[in-house]
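S.K.: Supplied structure: data05.cif, mmCIF, C-alpha atoms.
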data_data
#
loop_
_atom_site.label_atom_id
_atom_site.label_comp_id
_atom_site.auth_asym_id
_atom_site.auth_seq_id
_atom_site.Cartn_x
_atom_site.Cartn_y
_atom_site.Cartn_z
CA MET A 23 -41.27 14.74 6.08
CA LEU A 24 -37.93 14.80 7.89
CA ASN A 25 -37.37 12.56 10.88
CA ASN A 26 -36.22 14.70 13.77
CA GLY A 27 -32.50 14.67 14.47
CA THR A 28 -31.45 11.67 12.42
CA ASN A 29 -28.63 11.46 9.91
CA GLU A 30 -31.10 10.30 7.30
CA SER A 31 -33.06 13.52 7.59
CA LEU A 32 -29.93 15.64 7.07
CA SER A 33 -28.88 13.62 4.05
CA GLU A 34 -32.40 13.99 2.66
CA LEU A 35 -32.26 17.75 3.11
CA GLU A 36 -28.79 17.85 1.52
CA LYS A 37 -30.08 16.02 -1.57
CA ILE A 38 -33.14 18.24 -1.88
CA THR A 39 -31.23 21.53 -1.53
CA GLU A 40 -28.52 20.43 -3.96
CA ILE A 41 -31.13 19.70 -6.62
CA ILE A 42 -33.37 22.72 -6.04
CA PHE A 43 -30.49 25.23 -6.00
CA LYS A 44 -28.69 23.80 -9.00
CA ASN A 45 -31.71 23.26 -11.22
CA PRO A 46 -34.92 24.50 -9.60
CA ASN A 47 -37.09 23.78 -12.64
CA SER A 48 -36.01 20.16 -12.91
CA ASN A 49 -38.17 18.87 -10.11
CA PRO A 50 -41.19 20.91 -8.94
CA GLU A 51 -42.07 18.10 -6.51
CA LEU A 52 -38.78 18.59 -4.66
CA VAL A 53 -39.26 22.38 -4.54
CA LYS A 54 -42.67 21.73 -2.99
CA LYS A 55 -41.12 19.32 -0.49
CA ALA A 56 -38.46 21.89 0.49
CA GLU A 57 -41.23 24.44 1.05
CA LEU A 58 -43.12 21.96 3.26
CA ILE A 59 -40.01 21.25 5.30
CA ALA A 60 -39.40 24.99 5.74
CA LYS A 61 -43.03 25.44 6.80
CA MET A 62 -42.65 22.68 9.39
CA TYR A 63 -39.73 24.53 11.01
CA GLU A 64 -41.54 27.87 10.82
CA ASP A 65 -44.58 26.35 12.55
CA ASN A 66 -42.49 24.59 15.23
CA ILE A 67 -40.09 27.29 16.34
CA SER A 68 -38.42 25.20 19.03
CA LEU A 69 -37.04 22.93 16.29
CA PHE A 70 -34.55 25.64 15.30
CA THR A 71 -31.92 23.79 17.39
CA GLN A 72 -32.15 20.96 14.86
CA LEU A 73 -31.46 23.43 12.04
CA PHE A 74 -28.28 24.57 13.83
CA GLU A 75 -27.28 20.90 14.28
CA PHE A 76 -27.73 20.35 10.53
CA LEU A 77 -25.74 23.51 9.83
CA ILE A 78 -22.89 22.28 12.01
CA ASN A 79 -22.89 18.77 10.56
CA THR A 80 -23.45 19.31 6.85
CA HIS A 81 -20.66 19.91 4.36
CA VAL A 82 -23.09 20.61 1.51
CA GLU A 83 -22.99 24.36 0.81
CA THR A 84 -26.47 24.56 -0.70
CA CYS A 85 -27.82 22.96 2.47
CA GLN A 86 -25.88 25.44 4.66
CA PHE A 87 -27.29 28.32 2.60
CA TRP A 88 -30.87 26.99 2.78
CA ILE A 89 -30.66 26.51 6.57
CA LEU A 90 -29.22 30.01 7.14
CA GLN A 91 -31.92 31.54 4.96
CA LEU A 92 -34.62 29.68 6.90
CA LEU A 93 -33.15 30.76 10.27
CA ILE A 94 -33.20 34.40 9.08
CA LYS A 95 -36.86 34.03 8.08
CA ILE A 96 -37.78 32.40 11.41
CA THR A 97 -36.01 35.20 13.30
CA ASN A 98 -37.66 37.95 11.29
CA GLU A 99 -41.16 36.50 11.52
CA ASN A 100 -41.16 34.78 14.89
CA TYR A 101 -38.64 36.42 17.23
CA PHE A 102 -41.36 37.62 19.60
CA ASN A 103 -42.92 34.13 19.77
CA ILE A 104 -39.69 32.40 20.76
CA PRO A 105 -39.69 31.61 24.51
CA ASP A 106 -36.88 33.20 26.54
CA GLU A 107 -35.18 29.87 27.26
CA ASP A 108 -35.07 29.13 23.53
CA LYS A 109 -33.63 32.59 22.86
CA VAL A 110 -30.73 31.66 25.15
CA LYS A 111 -30.21 28.50 23.06
CA PHE A 112 -30.38 30.51 19.84
CA ARG A 113 -27.64 32.92 21.02
CA SER A 114 -25.47 30.02 22.14
CA ALA A 115 -25.93 28.30 18.79
CA LEU A 116 -24.99 31.49 16.92
CA ILE A 117 -21.79 31.83 18.96
CA PHE A 118 -20.99 28.14 18.77
CA THR A 119 -21.12 28.23 14.97
CA TYR A 120 -19.01 31.43 14.99
CA ASP A 121 -16.40 29.87 17.20
CA ASN A 122 -16.35 26.30 15.93
CA CYS A 123 -17.58 26.26 12.34
CA ILE A 124 -15.83 29.38 11.07
CA GLU A 125 -13.76 27.52 8.47
CA LYS A 126 -16.91 26.06 6.98
CA ILE A 127 -18.74 29.39 7.04
CA MET A 128 -15.85 31.33 5.52
CA ASN A 129 -15.37 28.83 2.72
CA LYS A 130 -17.78 30.61 0.37
CA GLN A 131 -18.80 34.25 0.23
CA TYR A 132 -22.50 33.50 -0.21
CA ILE A 133 -22.44 31.38 2.96
CA TYR A 134 -20.66 33.89 5.19
CA SER A 135 -22.80 36.73 3.81
CA LYS A 136 -25.90 34.79 4.90
CA TYR A 137 -24.37 34.02 8.29
CA CYS A 138 -23.63 37.75 8.78
CA VAL A 139 -27.25 38.62 7.90
CA LEU A 140 -28.49 35.98 10.38
CA TYR A 141 -26.23 37.35 13.16
CA ILE A 142 -27.33 40.94 12.53
CA THR A 143 -31.02 40.03 12.11
CA TRP A 144 -30.98 38.33 15.51
CA LEU A 145 -29.02 41.25 16.99
CA LYS A 146 -31.57 43.74 15.65
CA PHE A 147 -34.25 42.24 17.91
CA ASP A 148 -32.10 41.06 20.79
CA TYR A 149 -29.42 43.73 21.35
CA PRO A 150 -28.91 45.31 23.82
CA GLU A 151 -31.89 44.44 26.05
CA GLN A 152 -31.50 40.66 25.97
CA TRP A 153 -27.97 40.23 24.68
CA ASN A 154 -25.71 43.15 25.54
CA GLU A 155 -22.60 41.07 24.79
CA ALA A 156 -23.41 40.54 21.10
CA PHE A 157 -20.42 42.53 19.85
CA LYS A 158 -18.05 41.85 22.73
CA VAL A 159 -18.43 38.10 22.36
CA ILE A 160 -17.28 38.05 18.73
CA ILE A 161 -14.46 40.51 19.48
CA ASN A 162 -13.36 38.27 22.36
CA CYS A 163 -13.40 35.20 20.07
CA THR A 164 -10.89 36.96 17.80
CA ASN A 165 -8.78 38.37 20.64
CA SER A 166 -8.57 35.08 22.50
CA THR A 167 -7.27 33.32 19.38
CA THR A 168 -4.74 36.12 18.80
CA ASN A 169 -3.46 36.18 22.38
CA SER A 170 -3.62 32.60 23.59
CA ASN A 171 -0.97 29.86 23.34
CA HIS A 172 -2.34 27.11 21.13
CA LYS A 173 0.15 24.40 22.02
CA PHE A 174 -1.58 21.82 19.87
CA LEU A 175 -1.96 23.93 16.73
CA LYS A 176 0.66 24.76 14.14
CA LEU A 177 1.60 28.43 13.84
CA SER A 178 0.31 28.54 10.26
CA LYS A 179 -3.05 27.18 11.46
CA ILE A 180 -3.27 29.83 14.19
CA LYS A 181 -2.46 32.57 11.69
CA TYR A 182 -5.11 31.20 9.36
CA LEU A 183 -7.69 31.15 12.18
CA ILE A 184 -6.88 34.74 13.14
CA ILE A 185 -7.27 35.85 9.52
CA ILE A 186 -10.69 34.21 9.06
CA LEU A 187 -11.91 35.40 12.48
CA LEU A 188 -10.96 38.98 11.60
CA ASP A 189 -12.45 38.54 8.16
CA LEU A 190 -15.81 37.38 9.58
CA LEU A 191 -15.80 40.09 12.26
CA THR A 192 -15.34 42.83 9.65
CA GLU A 193 -17.98 41.26 7.40
CA ILE A 194 -20.45 41.26 10.32
CA LEU A 195 -19.70 44.92 11.03
CA LEU A 196 -20.19 45.83 7.35
CA THR A 197 -23.50 43.94 7.39
CA PHE A 198 -24.44 45.76 10.62
CA ASN A 199 -24.00 49.08 8.82
CA GLU A 200 -26.02 47.90 5.83
CA GLU A 201 -28.88 46.34 7.83
CA ILE A 202 -29.10 48.56 10.91
CA VAL A 203 -27.36 51.91 10.46
CA VAL A 204 -28.22 52.93 6.91
CA ILE A 205 -31.74 54.35 6.91
CA ARG A 206 -33.64 53.26 3.80
CA ASN A 207 -36.97 54.49 2.51
CA ASN A 208 -38.68 51.15 3.11
CA MET A 209 -37.57 50.86 6.76
CA SER A 210 -40.39 50.54 9.27
CA ASP A 211 -40.73 52.81 12.31
CA TYR A 212 -39.78 49.78 14.43
CA ASP A 213 -36.54 49.29 12.49
CA ILE A 214 -35.63 53.00 12.78
CA THR A 215 -36.29 52.93 16.54
CA ARG A 216 -34.21 49.77 16.91
CA SER A 217 -31.40 51.38 14.90
CA ASN A 218 -31.31 54.34 17.29
CA ILE A 219 -31.46 52.17 20.44
CA ILE A 220 -28.67 49.92 19.19
CA LYS A 221 -26.41 52.84 18.18
CA ASP A 222 -27.00 54.61 21.52
CA PHE A 223 -26.01 51.50 23.46
CA MET A 224 -22.96 50.91 21.29
CA ARG A 225 -21.76 54.50 21.78
CA GLU A 226 -21.91 54.05 25.54
CA ASN A 227 -20.66 50.51 25.84
CA CYS A 228 -18.67 48.96 23.05
CA ILE A 229 -17.63 51.35 20.31
CA LYS A 230 -14.14 51.64 21.82
CA ASN A 231 -13.71 47.84 21.75
CA VAL A 232 -14.84 47.76 18.13
CA LEU A 233 -12.43 50.55 17.19
CA GLU A 234 -9.54 48.96 19.09
CA ILE A 235 -9.73 45.69 17.21
CA LEU A 236 -10.17 47.43 13.85
CA ILE A 237 -7.24 49.76 14.45
CA SER A 238 -4.98 46.98 15.69
CA SER A 239 -5.85 44.87 12.63
CA ILE A 240 -4.82 47.82 10.45
CA LEU A 241 -1.64 48.71 12.33
CA GLN A 242 -0.34 45.21 13.04
CA ASN A 243 -0.70 43.82 9.53
CA SER A 244 0.42 44.81 6.08
CA SER A 245 -1.87 45.52 3.17
CA GLU A 246 0.88 44.01 0.97
CA GLN A 247 -0.04 40.58 2.34
CA LYS A 248 -2.83 39.14 0.23
CA HIS A 249 -4.93 37.77 3.13
CA TYR A 250 -4.77 40.97 5.14
CA LYS A 251 -5.53 43.37 2.28
CA LYS A 252 -9.27 42.65 2.43
CA ILE A 253 -9.36 42.80 6.25
CA ILE A 254 -7.51 46.14 6.37
CA SER A 255 -9.62 47.55 3.55
CA ASN A 256 -12.84 46.44 5.31
CA SER A 257 -11.61 47.83 8.65
CA ILE A 258 -10.97 51.27 7.14
CA LYS A 259 -14.39 51.17 5.43
CA ILE A 260 -16.07 50.34 8.76
CA ILE A 261 -14.24 53.21 10.46
CA SER A 262 -15.51 55.59 7.76
CA GLN A 263 -19.05 54.31 8.51
CA LEU A 264 -18.61 54.73 12.27
CA ILE A 265 -17.42 58.35 11.89
CA ASP A 266 -20.93 59.45 10.90
CA TRP A 267 -22.63 58.49 14.18
CA ASN A 268 -19.83 58.62 16.74
CA ASP A 269 -17.81 61.37 18.40
CA LEU A 270 -14.99 62.38 16.08
CA SER A 271 -12.55 62.66 19.00
CA LEU A 272 -12.60 58.83 19.22
CA PHE A 273 -10.93 58.69 15.83
CA SER A 274 -8.48 61.61 16.08
CA GLN A 275 -5.35 59.54 16.73
CA PHE A 276 -6.24 57.00 14.08
CA ILE A 277 -7.15 59.54 11.41
CA SER A 278 -3.67 61.08 11.45
CA ILE A 279 -2.12 57.62 11.06
CA ILE A 280 -4.24 56.62 8.10
CA ILE A 281 -3.79 59.96 6.38
CA GLU A 282 -0.05 59.29 6.41
CA ASN A 283 -0.81 56.24 4.25
CA VAL A 284 -2.88 58.05 1.67
CA SER A 285 -0.26 57.44 -1.01
CA ASN A 286 -0.50 53.66 -0.46
CA GLN A 287 -2.26 52.53 -3.65
CA ASN A 288 -3.69 49.44 -1.89
CA LEU A 289 -5.68 51.56 0.56
CA GLN A 290 -6.04 54.91 -1.18
CA SER A 291 -9.69 54.54 -2.08
CA GLU A 292 -10.69 53.52 1.47
CA ILE A 293 -8.67 56.36 3.02
CA LEU A 294 -10.38 58.87 0.74
CA ILE A 295 -13.74 57.46 1.88
CA VAL A 296 -12.66 58.20 5.48
CA LEU A 297 -11.77 61.80 4.54
CA ASN A 298 -15.13 62.18 2.84
CA ALA A 299 -16.88 60.81 5.93
CA ILE A 300 -15.18 63.47 8.07
CA ILE A 301 -16.22 66.28 5.70
CA ASN A 302 -19.77 64.89 5.50
CA LYS A 303 -20.15 64.20 9.22
CA GLY A 304 -23.52 65.35 10.50
CA ASN A 305 -24.89 66.27 7.06
CA MET B 4 -21.84 68.54 13.17
CA GLU B 5 -21.65 72.35 13.26
CA ILE B 6 -19.85 74.07 10.45
CA ILE B 7 -17.21 75.96 12.47
CA PRO B 8 -15.70 72.88 14.20
CA LYS B 9 -15.91 71.07 10.88
CA LEU B 10 -13.90 73.81 9.18
CA GLU B 11 -11.36 73.59 12.00
CA ILE B 12 -11.02 69.83 11.43
CA ILE B 13 -10.65 70.26 7.67
CA LYS B 14 -7.89 72.75 8.41
CA SER B 15 -6.17 70.72 11.13
CA LEU B 16 -6.10 67.54 9.01
CA ASN B 17 -4.72 69.53 6.09
CA ILE B 18 -7.32 67.93 3.83
CA ILE B 19 -6.98 70.56 1.08
CA GLN B 20 -3.23 69.98 0.83
CA ILE B 21 -3.79 66.19 0.75
CA ILE B 22 -6.19 66.63 -2.16
CA ASN B 23 -3.72 68.89 -3.97
CA ASP B 24 -0.96 66.34 -3.52
CA LEU B 25 -3.18 63.50 -4.71
CA LEU B 26 -4.18 65.41 -7.82
CA ASN B 27 -0.50 65.61 -8.70
CA SER B 28 -0.02 61.85 -8.31
CA ASN B 29 -1.11 58.81 -10.29
CA LEU B 30 -4.61 57.93 -9.13
CA SER B 31 -6.60 54.82 -9.85
CA GLU B 32 -10.03 55.26 -11.44
CA ILE B 33 -11.78 54.43 -8.18
CA ALA B 34 -9.61 56.91 -6.24
CA LEU B 35 -10.61 59.57 -8.79
CA PHE B 36 -14.27 58.85 -8.07
CA ASN B 37 -13.58 59.08 -4.33
CA LEU B 38 -11.80 62.38 -4.86
CA SER B 39 -14.74 63.62 -6.88
CA ASP B 40 -17.00 62.78 -3.90
CA ILE B 41 -14.68 64.71 -1.58
CA LEU B 42 -14.74 67.79 -3.82
CA ASN B 43 -18.51 67.55 -3.92
CA SER B 44 -18.65 67.33 -0.11
CA LEU B 45 -16.28 70.29 0.22
CA GLY B 46 -18.55 72.20 -2.15
CA ASN B 47 -21.51 71.46 0.13
CA CYS B 48 -19.41 72.47 3.13
CA LEU B 49 -18.63 75.72 1.37
CA THR B 50 -22.31 76.44 0.70
CA GLU B 51 -23.11 75.71 4.34
CA SER B 52 -20.26 78.02 5.44
CA GLN B 53 -21.49 80.84 3.19
CA LEU B 54 -24.99 80.55 4.66
CA TYR B 55 -23.59 80.48 8.18
CA PHE B 56 -21.43 83.55 7.66
CA LYS B 57 -24.29 85.39 5.99
CA ASP B 58 -26.58 84.68 8.96
CA ASN B 59 -24.00 85.35 11.69
CA LYS B 60 -22.25 88.54 10.66
CA ASP B 61 -21.74 89.69 14.25
CA ASN B 62 -20.18 86.49 15.56
CA LYS B 63 -16.50 86.14 16.32
CA LEU B 64 -15.51 84.71 13.02
CA GLN B 65 -12.04 85.94 12.44
CA ASN B 66 -10.33 82.53 12.55
CA SER B 67 -13.13 80.76 10.75
CA ASP B 68 -13.24 83.52 8.16
CA ASP B 69 -9.60 82.88 7.48
CA ILE B 70 -10.24 79.15 7.00
CA TYR B 71 -13.26 79.93 4.88
CA VAL B 72 -11.20 82.08 2.47
CA ARG B 73 -8.58 79.36 2.22
CA ILE B 74 -11.17 76.72 1.44
CA VAL B 75 -12.77 78.88 -1.25
CA ASN B 76 -9.43 79.55 -2.93
CA ASN B 77 -8.20 76.00 -2.68
CA ILE B 78 -11.41 74.34 -3.78
CA ASN B 79 -11.52 76.55 -6.86
CA VAL B 80 -7.95 75.61 -7.74
CA ASN B 81 -8.63 71.93 -7.11
CA ILE B 82 -11.76 71.85 -9.20
CA ILE B 83 -9.93 73.44 -12.13
CA MET B 84 -7.15 70.89 -11.81
CA PHE B 85 -9.58 68.04 -11.42
CA ARG B 86 -11.51 69.03 -14.50
CA SER B 87 -8.32 69.22 -16.53
CA ILE B 88 -7.52 65.63 -15.50
CA LEU B 89 -10.97 64.32 -16.32
#
Rewrite the structure from the file as structure tokens, please.
M.R.:
Amino acid sequence: MLNNGTNESLSELEKITEIIFKNPNSNPELVKKAELIAKMYEDNISLFTQLFEFLINTHVETCQFWILQLLIKITNENYFNIPDEDKVKFRSALIFTYDNCIEKIMNKQYIYSKYCVLYITWLKFDYPEQWNEAFKVIINCTNSTTNSNHKFLKLSKIKYLIIILLDLLTEILLTFNEEIVVIRNNMSDYDITRSNIIKDFMRENCIKNVLEILISSILQNSSEQKHYKKIISNSIKIISQLIDWNDLSLFSQFISIIIENVSNQNLQSEILIVLNAIINKGN
Amino acid sequence: MEIIPKLEIIKSLNIIQIINDLLNSNLSEIALFNLSDILNSLGNCLTESQLYFKDNKDNKLQNSDDIYVRIVNNINVNIIMFRSIL
């Protein structure tokens, strides 16, 4: 069993996850051990802070993935058993990793996809009643990096940080659509109710902030630049998703601008998806 | 969203003309699929319009009627063009 909070325990977990993800059949004993470790954290919810510490400290991607997956499971199965003071710690840990470990998270798609699912899973239970700043806080992270004077950072480093912050923000919003907005056959009544509550609160309180940052990322950058192409493409996709459940007048100014770019081959497909969303709105 | 304001938006954004222009340009395979979705959606919009007009003969529909006729004509032309490309 892991020793709480020691470097040895993290290195042990790193070794186990590396082996079980690379060759799960090679060592059934280790798979069993990983399951026991996971069970220990599931049974002792307050130990989630240690999982975040491991996530922050490890550079082993399989270990990052395993920890994120376990945090998602703990959230899904135990959110209502987590004491309020621990929920505050959980939110802080989520934001701390967003703000301080973004380079590590964005290094691999399968890691940031898991992080996005963790963020949205927590948000599904917690927003807006307990955590009404869930969207504003990640928008502010991006805006503060864009607007502040980083005297101690090189310009190229600042640009890189802005790109990955925008990238993660758009990935979280795409995951939000997938996990919360899209109604699937297997969704429970609870999930459908949560989806409606969350969308209602967003309409009233933060949809304009979300749109502002998406539109500025589209207008201030060029899809010809390799790093921005994905961000702009994702931003337009998100806008097409938002059209369905928000007042169309919010988008009127933006829609005319993007339609002007319909001949841009880099963005044509996404712009056509926006047009389709307008025609399909309310259907 | 109700059909009349939707028709107004389709008209004001000049969506039919955009589709016509795109059909005359070089489109990627994925853009062709997106365009196919749009034509399908316009077809559904058309069906919804026809039902609305059928059920609301006494309403003030002069402007919307005008848009409706344009959509019918243009969609037919577009579908013929689209099929010839595919």
S.K.: What is the distance, in Å and to one decimal place, between atom CA of Lys55 of chain A and atom CA of Leu140 of chain A?
M.R.: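 Computed distance, atom CA of Lys55 of chain A to atom CA of Leu140 of chain A, equals 23.6 Å.
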S.K.: Just to confirm, what's the straight-line distance from atom CA of Arg216 of chain A to atom CA of Tyr149 of chain A in Å (one decimal)?
M.R.: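 Straight-line distance from atom CA of Arg216 of chain A to atom CA of Tyr149 of chain A works out to 8.9 Å.
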S.K.: My list of candidates is B:Asn37, B:Gln20, B:Asn27, B:Thr50. Which is closest to chain A when distances are computed with all atoms listed in the file?
M.R.: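 Closest residue, counting all atoms listed in the file: B:Asn37.
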S.K.: Separation of atom CA of Gln247 of chain A and atom CA of Asn231 of chain A, in Å?
M.R.: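 A separation of 24.8 Å between them.
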S.K.: Please determine the contact residues of chain B with respect to chain A at a cut-off of 7 Å, counting all atoms listed in the file, and supply them as JSON, numbers by chain.
M.R.: {"B": [4, 33, 34, 37, 38, 41, 44, 45]}
S.K.: Please produce an output containing C-alpha atoms for each residue in the selection, written as a PDB file, in the frame of the given file.
M.R.:
ATOM      1  CA  MET B   4     -21.840  68.540  13.170  1.00  0.00           C
ATOM      2  CA  ILE B  33     -11.780  54.430  -8.180  1.00  0.00           C
ATOM      3  CA  ALA B  34      -9.610  56.910  -6.240  1.00  0.00           C
ATOM      4  CA  ASN B  37     -13.580  59.080  -4.330  1.00  0.00           C
ATOM      5  CA  LEU B  38     -11.800  62.380  -4.860  1.00  0.00           C
ATOM      6  CA  ILE B  41     -14.680  64.710  -1.580  1.00  0.00           C
ATOM      7  CA  SER B  44     -18.650  67.330  -0.110  1.00  0.00           C
ATOM      8  CA  LEU B  45     -16.280  70.290   0.220  1.00  0.00           C
TER       9      LEU B  45
END
S.K.: Going by the chain IDs and residue numbers used in this file, which residues fall under the PyMOL selection byres ((chain A and resi 251) around 12)? Write them as number ranges by chain.
M.R.: A: 185, 188-189, 239-240, 243-250, 252-258, 286-289, 292
S.K.: Taking the file as shown, what set of residues would the PyMOL selection byres ((chain A and resi 154) around 12) give back, as a PDB file with C-alpha atoms, keeping the file's coordinate frame?
M.R.:
ATOM      1  CA  ARG A 113     -27.640  32.920  21.020  1.00  0.00           C
ATOM      2  CA  LEU A 145     -29.020  41.250  16.990  1.00  0.00           C
ATOM      3  CA  LYS A 146     -31.570  43.740  15.650  1.00  0.00           C
ATOM      4  CA  PHE A 147     -34.250  42.240  17.910  1.00  0.00           C
ATOM      5  CA  ASP A 148     -32.100  41.060  20.790  1.00  0.00           C
ATOM      6  CA  TYR A 149     -29.420  43.730  21.350  1.00  0.00           C
ATOM      7  CA  PRO A 150     -28.910  45.310  23.820  1.00  0.00           C
ATOM      8  CA  GLU A 151     -31.890  44.440  26.050  1.00  0.00           C
ATOM      9  CA  GLN A 152     -31.500  40.660  25.970  1.00  0.00           C
ATOM     10  CA  TRP A 153     -27.970  40.230  24.680  1.00  0.00           C
ATOM     11  CA  GLU A 155     -22.600  41.070  24.790  1.00  0.00           C
ATOM     12  CA  ALA A 156     -23.410  40.540  21.100  1.00  0.00           C
ATOM     13  CA  PHE A 157     -20.420  42.530  19.850  1.00  0.00           C
ATOM     14  CA  LYS A 158     -18.050  41.850  22.730  1.00  0.00           C
ATOM     15  CA  VAL A 159     -18.430  38.100  22.360  1.00  0.00           C
ATOM     16  CA  ILE A 160     -17.280  38.050  18.730  1.00  0.00           C
ATOM     17  CA  ILE A 219     -31.460  52.170  20.440  1.00  0.00           C
ATOM     18  CA  ILE A 220     -28.670  49.920  19.190  1.00  0.00           C
ATOM     19  CA  PHE A 223     -26.010  51.500  23.460  1.00  0.00           C
ATOM     20  CA  MET A 224     -22.960  50.910  21.290  1.00  0.00           C
ATOM     21  CA  GLU A 226     -21.910  54.050  25.540  1.00  0.00           C
ATOM     22  CA  ASN A 227     -20.660  50.510  25.840  1.00  0.00           C
ATOM     23  CA  CYS A 228     -18.670  48.960  23.050  1.00  0.00           C
TER      24      CYS A 228
END
S.K.: Find, counting only C-alpha atoms, the residue in B:Gln53, B:Ile6, B:Ile12, B:Leu25 that gets nearest to Ser39 of chain B.
M.R.: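 Of the candidates, the smallest distance to Ser39 of chain B is held by B:Leu25.
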S.K.: Do a neighbour search on Lys136 of chain A at 9 Å with all atoms listed in the file, toss out local chain neighbours closer than 2 positions, and write the hits as a PyMOL selection string.
M.R.: chain A and resi 87+90-91+94+131-134+138-141
S.K.: I'd like to see the residues matched by the PyMOL selection byres ((chain A and resi 201) around 10) on this file, and ideally I'd get them as number ranges by chain.
M.R.: A: 139, 142-143, 146, 195-200, 202-206, 209, 213, 217
S.K.: Any chance you could work out the axis-aligned box around segment 92-105 of chain A, listed atoms only, 4 Å on each side, giving centre and edge lengths in Å to one decimal, as JSON?
M.R.:
{"center_x": -38.0, "center_y": 33.8, "center_z": 15.7, "size_x": 17.8, "size_y": 16.3, "size_z": 25.6}
S.K.: Can you tell me, as a list of chain:residue names, which residues sit within 7 Å of (-30.3, 30.2, 15.8) in the file's frame, using all atoms listed in the file?
M.R.: A:Phe70, A:Thr71, A:Phe74, A:Leu93, A:Phe112, A:Arg113, A:Ala115, A:Leu116
S.K.: Write out, as a PDB file, in the coordinates of the input, the residues just selected, with C-alpha atoms.
M.R.:
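Contents of the output file out_19.pdb:
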ATOM      1  CA  PHE A  70     -34.550  25.640  15.300  1.00  0.00           C
ATOM      2  CA  THR A  71     -31.920  23.790  17.390  1.00  0.00           C
ATOM      3  CA  PHE A  74     -28.280  24.570  13.830  1.00  0.00           C
ATOM      4  CA  LEU A  93     -33.150  30.760  10.270  1.00  0.00           C
ATOM      5  CA  PHE A 112     -30.380  30.510  19.840  1.00  0.00           C
ATOM      6  CA  ARG A 113     -27.640  32.920  21.020  1.00  0.00           C
ATOM      7  CA  ALA A 115     -25.930  28.300  18.790  1.00  0.00           C
ATOM      8  CA  LEU A 116     -24.990  31.490  16.920  1.00  0.00           C
TER       9      LEU A 116
END
